[in-house]
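To keep things clear, I will list the structure first and then write my remarks on it.
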Amino acid sequence: MNTKDMYLKLGISSAVYDYCEKVLKDLKERFDRIDEVAEYNQCKVISAMQKNRVNATHFNPSTGYGYNDFGRDTLEKVYADCFGTEAALVRPQITCGTHALSLALSANLLPGDELLYPAGGPYDTLEEVIGIRDSVGSLKEYGVSYRQVDLKNDGTFDYDGIKKAINDKTKIVAIQRSKGYQTRPSFSVDEIGKLISFVKEIKPDVICMVDNCYGEFVELNEPSNVGADMTVGSLIKNPGGGLAPIGGYIVGRKDLIDRCAYRLTAPGLGAEVGANLGLLTSFYQGLFLAPDVVSGALKGAVFAANIYEKLGFKVVPSGSESRHDIIQAVELGSAERMVAFCGGIQAAAPVDSYVTPEPWAMPGYDSEVIMAAGAFVQGSSIELSADGPIRPPYAVYFQGGLTWHHAKLGIMMSLEKLYEQKLVTIDEGSIKK
């Protein structure tokens with residue numbers, strides 16, 4: 001039995017397999033560049049671990065208060081060195097990316113301060129955190145105001161609008177690196193650095209925070225290397241390498257990170273408490289694997305962009321654009337296609353492959369959302385998954401894959417489901433809408 005036979009056994013038709021292999025042949029140079037970035041970042045992670053003399057005792061579990069948890073404290077030094085910052089907070093008590101962002105904002109914004117988003121609205125789940133949609137405990141409820149500057153029509157920053165928006169009350173400028181449930185481009189580290197420099201020229205004491213979710217280890221540098229005062233993310237995305245079962249991180253200036261620690265635990269306690277609960281091995285090993293895992297996810301994203309772009313669908317980013325996160329958006333044009341696409345991703349999963357994903361009213365979102373994921377860690381976005389809100393332009397967001405070959409299977413299976421349901425057709429050896 002050869003490789004094609006294995007794909008046929010998994011349910012991929014010969015026509016879909018042959019089409020996908022044809023597309024793949026043109027991607028070698030792109031994949032080589034992804035491998036180069038992964039190699040650089042792998043060396044960066046190893047260097048940080050060696051500098052901080054990571055050893056077996058750092059994997060010991062702690063419980064209760066977690067006082068004198070040297071493994072936890074060393075991990076935070078490793079993160080700080082990886083991201084080039086003064087300090088880091090890396091904890092299992094940070095439950096997800098939204099929690100990490102909420103923590104960073106609420107710890108450093110006081111009543112009367114203003115939060116500015118210079119790239120349009122934030123990710124859906126941040127709307128209730130901020131108070132764009134009313135919610136108990138929001139920043140708005142505590143007297144923090146909010147304003148945003150929308151992007152220009154071409155997806156670039158409106159620098160004139162940003163300059164006008166910054167005022168005496170502006171305390172934090174929050175930059176979302178990834179597109180979220182939008183079809184705008186994700187921002188490169190260089191673009192983020194230019195925006196930070198622009199903002200700092202207007203108001204030097206403003207805090208620039210970057211939502212780094214989905215972007216870690218995609219490029220050679222991180223936002224913290226180009227002036228971000230705080231960089232925030234989730235361990236069940238890129239930096240956890242698929243092994244971290246929970247957790248989030250905040251890296252940046254020590255005074256800002258100290259405030260985050262006090263808000264996470266209690267004033268006067270801060271980072272001194274917080275047991276690791278036996279999770280440190282997965283945190284360390286996940287970080288070690290992360291550059292290579294991210295490279296597999298990136299290859300899957302590039303593959304998906306080229307597969308669907310050649311079918312005539314709009315994809316963001318395009319099949320030839322540079323990558324700044326692991327997310328690939330595909331505008332499918334109908335709810336029916338979204339459901340079929342996600343059904344294919346689910347069918348390719350190692351876990352819950354027999355489940356049929358359906359749209360539902362997911363907490364934190366203002367429209368029904370469909371999600372496909374057969375993950376070892378619930379909700380892990382570095383594992384193969386696809387999701388999107390059921391609303392025009394009916395875009396599905398594909399990301400992850402602990403290995404390139406699993407990401408490849410997922411994309412092929414998503415196309416297979418569209419083909420089986422006659423939502424795309426095969427014509428003279430190519431596939432068209």
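Residue names in the structure tokens use chain letters A, B, ... in the order shown, residue numbers from 1 in each chain, and ligand numbers from 1 in the order shown.
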
For this session: Find the residues near range 173-189 of chain A: any atom within 8 Å, counting only C-alpha atoms, skip ones fewer than 6 places away on the same chain, and give them as a PyMOL selection string.
Result: chain A and resi 115-119+122-124+155+206-215+219+221-223+226+316-317+323-325+327+329+388-389+395+397

Write to file, as a CSV table (one decimal), in the first residue's frame, the residues of the selection just made, with N, CA and C atoms.
chain,number,residue,atom,x,y,z
A,115,LEU,N,-8.8,53.2,26.9
A,115,LEU,CA,-8.1,52.1,26.1
A,115,LEU,C,-8.4,52.4,24.6
A,116,LEU,N,-7.4,52.4,23.8
A,116,LEU,CA,-7.5,52.6,22.4
A,116,LEU,C,-7.1,51.4,21.6
A,117,TYR,N,-8.0,51.0,20.7
A,117,TYR,CA,-7.7,50.0,19.7
A,117,TYR,C,-7.5,50.6,18.4
A,118,PRO,N,-6.3,50.6,17.8
A,118,PRO,CA,-6.0,51.3,16.6
A,118,PRO,C,-6.2,50.5,15.3
A,119,ALA,N,-6.7,49.3,15.4
A,119,ALA,CA,-6.9,48.4,14.3
A,119,ALA,C,-8.3,47.9,14.2
A,122,PRO,N,-11.9,44.8,18.6
A,122,PRO,CA,-11.1,43.6,19.0
A,122,PRO,C,-11.8,42.3,18.7
A,123,TYR,N,-11.2,41.2,19.0
A,123,TYR,CA,-11.7,39.9,18.9
A,123,TYR,C,-13.0,39.8,19.7
A,124,ASP,N,-14.0,39.0,19.2
A,124,ASP,CA,-15.3,39.0,19.8
A,124,ASP,C,-15.4,38.9,21.3
A,155,GLY,N,-6.7,47.9,4.6
A,155,GLY,CA,-6.3,47.1,5.7
A,155,GLY,C,-5.1,47.7,6.4
A,206,VAL,N,2.6,56.2,27.0
A,206,VAL,CA,1.5,55.3,26.8
A,206,VAL,C,2.0,53.9,26.8
A,207,ILE,N,1.2,52.9,27.2
A,207,ILE,CA,1.5,51.5,27.3
A,207,ILE,C,1.0,50.9,26.0
A,208,CYS,N,1.9,50.3,25.2
A,208,CYS,CA,1.6,49.6,24.0
A,208,CYS,C,1.5,48.1,24.3
A,209,MET,N,0.4,47.5,24.2
A,209,MET,CA,0.2,46.1,24.4
A,209,MET,C,-0.2,45.4,23.1
A,210,VAL,N,0.4,44.2,22.9
A,210,VAL,CA,0.1,43.4,21.7
A,210,VAL,C,-0.6,42.1,22.1
A,211,ASP,N,-1.7,41.9,21.5
A,211,ASP,CA,-2.4,40.6,21.5
A,211,ASP,C,-1.6,39.7,20.5
A,212,ASN,N,-0.8,38.8,21.0
A,212,ASN,CA,0.1,38.0,20.2
A,212,ASN,C,-0.4,36.6,19.8
A,213,CYS,N,-1.7,36.4,20.2
A,213,CYS,CA,-2.3,35.1,19.9
A,213,CYS,C,-2.2,34.7,18.5
A,214,TYR,N,-1.7,33.5,18.2
A,214,TYR,CA,-1.5,32.8,16.9
A,214,TYR,C,-0.3,33.3,16.2
A,215,GLY,N,0.5,34.2,16.8
A,215,GLY,CA,1.6,34.8,16.1
A,215,GLY,C,3.0,34.3,16.5
A,219,GLU,N,7.5,34.5,12.9
A,219,GLU,CA,8.6,35.3,12.4
A,219,GLU,C,9.8,35.2,13.2
A,221,ASN,N,11.3,37.6,14.9
A,221,ASN,CA,11.1,38.5,16.0
A,221,ASN,C,9.7,38.4,16.5
A,222,GLU,N,9.5,38.9,17.8
A,222,GLU,CA,8.2,39.0,18.4
A,222,GLU,C,7.9,40.5,18.6
A,223,PRO,N,6.7,40.9,18.9
A,223,PRO,CA,6.4,42.3,19.1
A,223,PRO,C,7.2,42.9,20.2
A,226,VAL,N,10.2,44.8,19.2
A,226,VAL,CA,10.1,46.1,18.5
A,226,VAL,C,9.4,47.1,19.3
A,316,VAL,N,-7.6,34.9,2.8
A,316,VAL,CA,-6.8,36.0,3.5
A,316,VAL,C,-5.9,35.3,4.6
A,317,PRO,N,-4.6,35.4,4.4
A,317,PRO,CA,-3.9,36.0,3.3
A,317,PRO,C,-3.9,35.2,2.1
A,323,ARG,N,3.5,35.4,5.7
A,323,ARG,CA,2.6,34.9,6.8
A,323,ARG,C,3.1,35.6,8.1
A,324,HIS,N,2.0,36.1,8.9
A,324,HIS,CA,2.3,36.7,10.2
A,324,HIS,C,1.6,36.1,11.4
A,325,ASP,N,0.8,35.1,11.1
A,325,ASP,CA,0.2,34.2,12.1
A,325,ASP,C,-0.2,32.9,11.4
A,327,ILE,N,-3.3,31.6,11.1
A,327,ILE,CA,-4.7,31.5,10.7
A,327,ILE,C,-4.8,31.8,9.2
A,329,ALA,N,-7.9,32.4,6.6
A,329,ALA,CA,-9.4,32.7,6.4
A,329,ALA,C,-9.7,32.3,4.9
A,388,GLY,N,-15.8,29.6,12.8
A,388,GLY,CA,-16.2,30.9,12.2
A,388,GLY,C,-17.6,31.2,12.6
A,389,PRO,N,-18.0,32.5,12.6
A,389,PRO,CA,-19.4,32.9,12.9
A,389,PRO,C,-20.2,32.7,11.7
A,395,ALA,N,-17.0,33.4,6.3
A,395,ALA,CA,-15.6,33.0,6.3
A,395,ALA,C,-15.3,32.0,7.4
A,397,TYR,N,-12.2,30.0,9.5
A,397,TYR,CA,-10.9,30.3,9.9
A,397,TYR,C,-10.2,29.0,10.3

I'd like a table as CSV: residues in range 376-412 of chain A with an atom no more than 12 Å from range 24-31 of chain A, each row giving the shortest atom pair and its distance in Å to one decimal, only C-alpha atoms counted, sorted by chain and rising residue number.
residue,atom,partner,partner_atom,distance
A:Trp404,CA,A:Phe31,CA,10.4
A:Lys408,CA,A:Leu24,CA,9.7
A:Ile411,CA,A:Leu24,CA,11.8
A:Met412,CA,A:Leu24,CA,11.3

Could you write those residues out with C-alpha atoms, as a compact mmCIF listing (two decimals), in the first residue's frame?
# COMPACT_ATOMS: atom_id res chain seq x y z
CA TRP A 404 2.30 19.25 8.85
CA LYS A 408 -2.47 18.44 5.07
CA ILE A 411 -7.34 20.51 4.28
CA MET A 412 -7.79 17.64 1.86

Exercise. Looking at A:Asp168, A:Asp73, A:Asp5, A:Asp32, which one is nearest to Gly274 in chain A, with distances taken over only C-alpha atoms?
Worked result: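 Residue with the minimum atom-to-atom distance to Gly274 in chain A: A:Asp73.
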
Exercise. To one decimal place, how far is CA of Ala88 in chain A from CA of Ile250 in chain A in Å?
Worked result: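 We find that CA of Ala88 in chain A and CA of Ile250 in chain A lie 5.7 Å from each other.
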
Exercise. If you count only C-alpha atoms, which residues fall within 7 Å of range 104-111 of chain A, apart from same-chain ones fewer than 2 positions away, as a ChimeraX atom specification?
Worked result: /A:100-102,113,139,142-144,171,256,259-260,263

Problem set entry | Option closest in space to Val37 in chain A, from A:Leu103, A:Leu220, A:Ile166, A:Leu243 [counting only C-alpha atoms] |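 Closest candidate: A:Leu220.
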
Problem set entry | Residue nearest Asn55 in chain A among A:Ile196, A:Leu269, A:Leu280, A:Ile34 (counting only C-alpha atoms) |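 With only C-alpha atoms as the atom set, the closest residue is A:Leu280.
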
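Closest to Lys299 in chain A among A:Arg253, A:Arg391, A:His406, A:Arg91 is A:His406, based on only C-alpha atoms.
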
Exercise. Can you list, as a PyMOL selection string, every protein, DNA or RNA residue that comes within 8 Å of Gly296 in chain A when you count only C-alpha atoms, leaving out same-chain residues fewer than 2 positions away?
Worked result: chain A and resi 292-294+298-300+400-405+407

Please write the residues from the selection above to a file, keeping N, CA and C atoms, as a short mmCIF file (atom, residue, chain, number, x, y, z; two decimals), in the first residue's frame.
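To be explicit, this is the file written out as result_36.cif:
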data_model
loop_
_atom_site.label_atom_id
_atom_site.label_comp_id
_atom_site.auth_asym_id
_atom_site.auth_seq_id
_atom_site.Cartn_x
_atom_site.Cartn_y
_atom_site.Cartn_z
N ASP A 292 8.81 24.14 15.96
CA ASP A 292 8.58 23.14 14.93
C ASP A 292 7.10 22.88 14.72
N VAL A 293 6.32 22.88 15.81
CA VAL A 293 4.87 22.71 15.69
C VAL A 293 4.27 23.86 14.90
N VAL A 294 4.71 25.08 15.19
CA VAL A 294 4.22 26.24 14.47
C VAL A 294 4.56 26.15 12.99
N LEU A 298 1.96 26.45 9.91
CA LEU A 298 2.14 27.43 8.84
C LEU A 298 2.09 26.77 7.47
N LYS A 299 2.71 25.62 7.34
CA LYS A 299 2.65 24.91 6.06
C LYS A 299 1.21 24.55 5.71
N GLY A 300 0.46 24.14 6.73
CA GLY A 300 -0.94 23.83 6.49
C GLY A 300 -1.72 25.05 6.03
N GLY A 400 -3.74 25.65 12.85
CA GLY A 400 -3.17 24.59 13.65
C GLY A 400 -2.79 23.35 12.88
N GLY A 401 -2.48 22.34 13.66
CA GLY A 401 -1.96 21.08 13.16
C GLY A 401 -0.64 20.79 13.86
N LEU A 402 -0.65 19.83 14.77
CA LEU A 402 0.57 19.53 15.52
C LEU A 402 1.68 19.02 14.61
N THR A 403 1.28 18.47 13.47
CA THR A 403 2.24 18.07 12.44
C THR A 403 1.74 18.57 11.09
N TRP A 404 2.66 18.81 10.20
CA TRP A 404 2.30 19.25 8.85
C TRP A 404 1.41 18.21 8.17
N HIS A 405 1.71 16.95 8.33
CA HIS A 405 0.95 15.93 7.61
C HIS A 405 -0.49 15.83 8.10
N ALA A 407 -2.16 18.52 9.25
CA ALA A 407 -2.76 19.71 8.65
C ALA A 407 -3.11 19.44 7.18
#

Exercise. Would you give me, as a ChimeraX atom specification, the residues in range 72-204 of chain A that DSSP reads as strand (DSSP E)?
Worked result: /A:87-91,114-117,145-148,170-176

For the residues in that selection, give me C-alpha atoms as a short mmCIF file (atom, residue, chain, number, x, y, z; two decimals), in the first residue's frame.
data_model
loop_
_atom_site.label_atom_id
_atom_site.label_comp_id
_atom_site.auth_asym_id
_atom_site.auth_seq_id
_atom_site.Cartn_x
_atom_site.Cartn_y
_atom_site.Cartn_z
CA ALA A 87 9.82 39.92 33.14
CA ALA A 88 7.16 37.31 32.41
CA LEU A 89 4.08 35.81 34.02
CA VAL A 90 3.41 32.25 32.81
CA ARG A 91 0.75 30.46 34.82
CA GLU A 114 -8.92 55.19 28.23
CA LEU A 115 -8.15 52.13 26.11
CA LEU A 116 -7.50 52.64 22.39
CA TYR A 117 -7.69 49.95 19.71
CA SER A 145 -13.46 54.38 28.54
CA TYR A 146 -12.79 52.92 25.10
CA ARG A 147 -12.35 54.15 21.59
CA GLN A 148 -11.18 52.58 18.36
CA THR A 170 -5.16 57.33 26.66
CA LYS A 171 -3.35 54.83 28.90
CA ILE A 172 -3.08 51.67 26.77
CA VAL A 173 -2.94 51.22 23.01
CA ALA A 174 -3.83 47.58 22.31
CA ILE A 175 -2.80 46.07 19.00
CA GLN A 176 -4.35 42.79 17.89
#

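Remark: for Val377 in chain A, the closest of the candidate residues A:Val23, A:Met230, A:Ala244, A:Leu151 is A:Ala244 (distances computed over only C-alpha atoms).
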
Problem set entry | Residue set, range 165-371 of chain A restricted to alpha helix (DSSP H), as a PyMOL selection string | chain A and resi 165+189-202+254-264+280-309+335-347

Exercise. For the atom pair CA of Tyr7 in chain A and CA of Asp387 in chain A, what is the interatomic distance in Å to one decimal place?
Worked result: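 Separating CA of Tyr7 in chain A from CA of Asp387 in chain A is a distance of 23.9 Å.
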
Exercise. What separation in Å, quoted to one decimal, exists between CA of Lys200 in chain A and CA of Asp255 in chain A?
Worked result: 18.0 Å
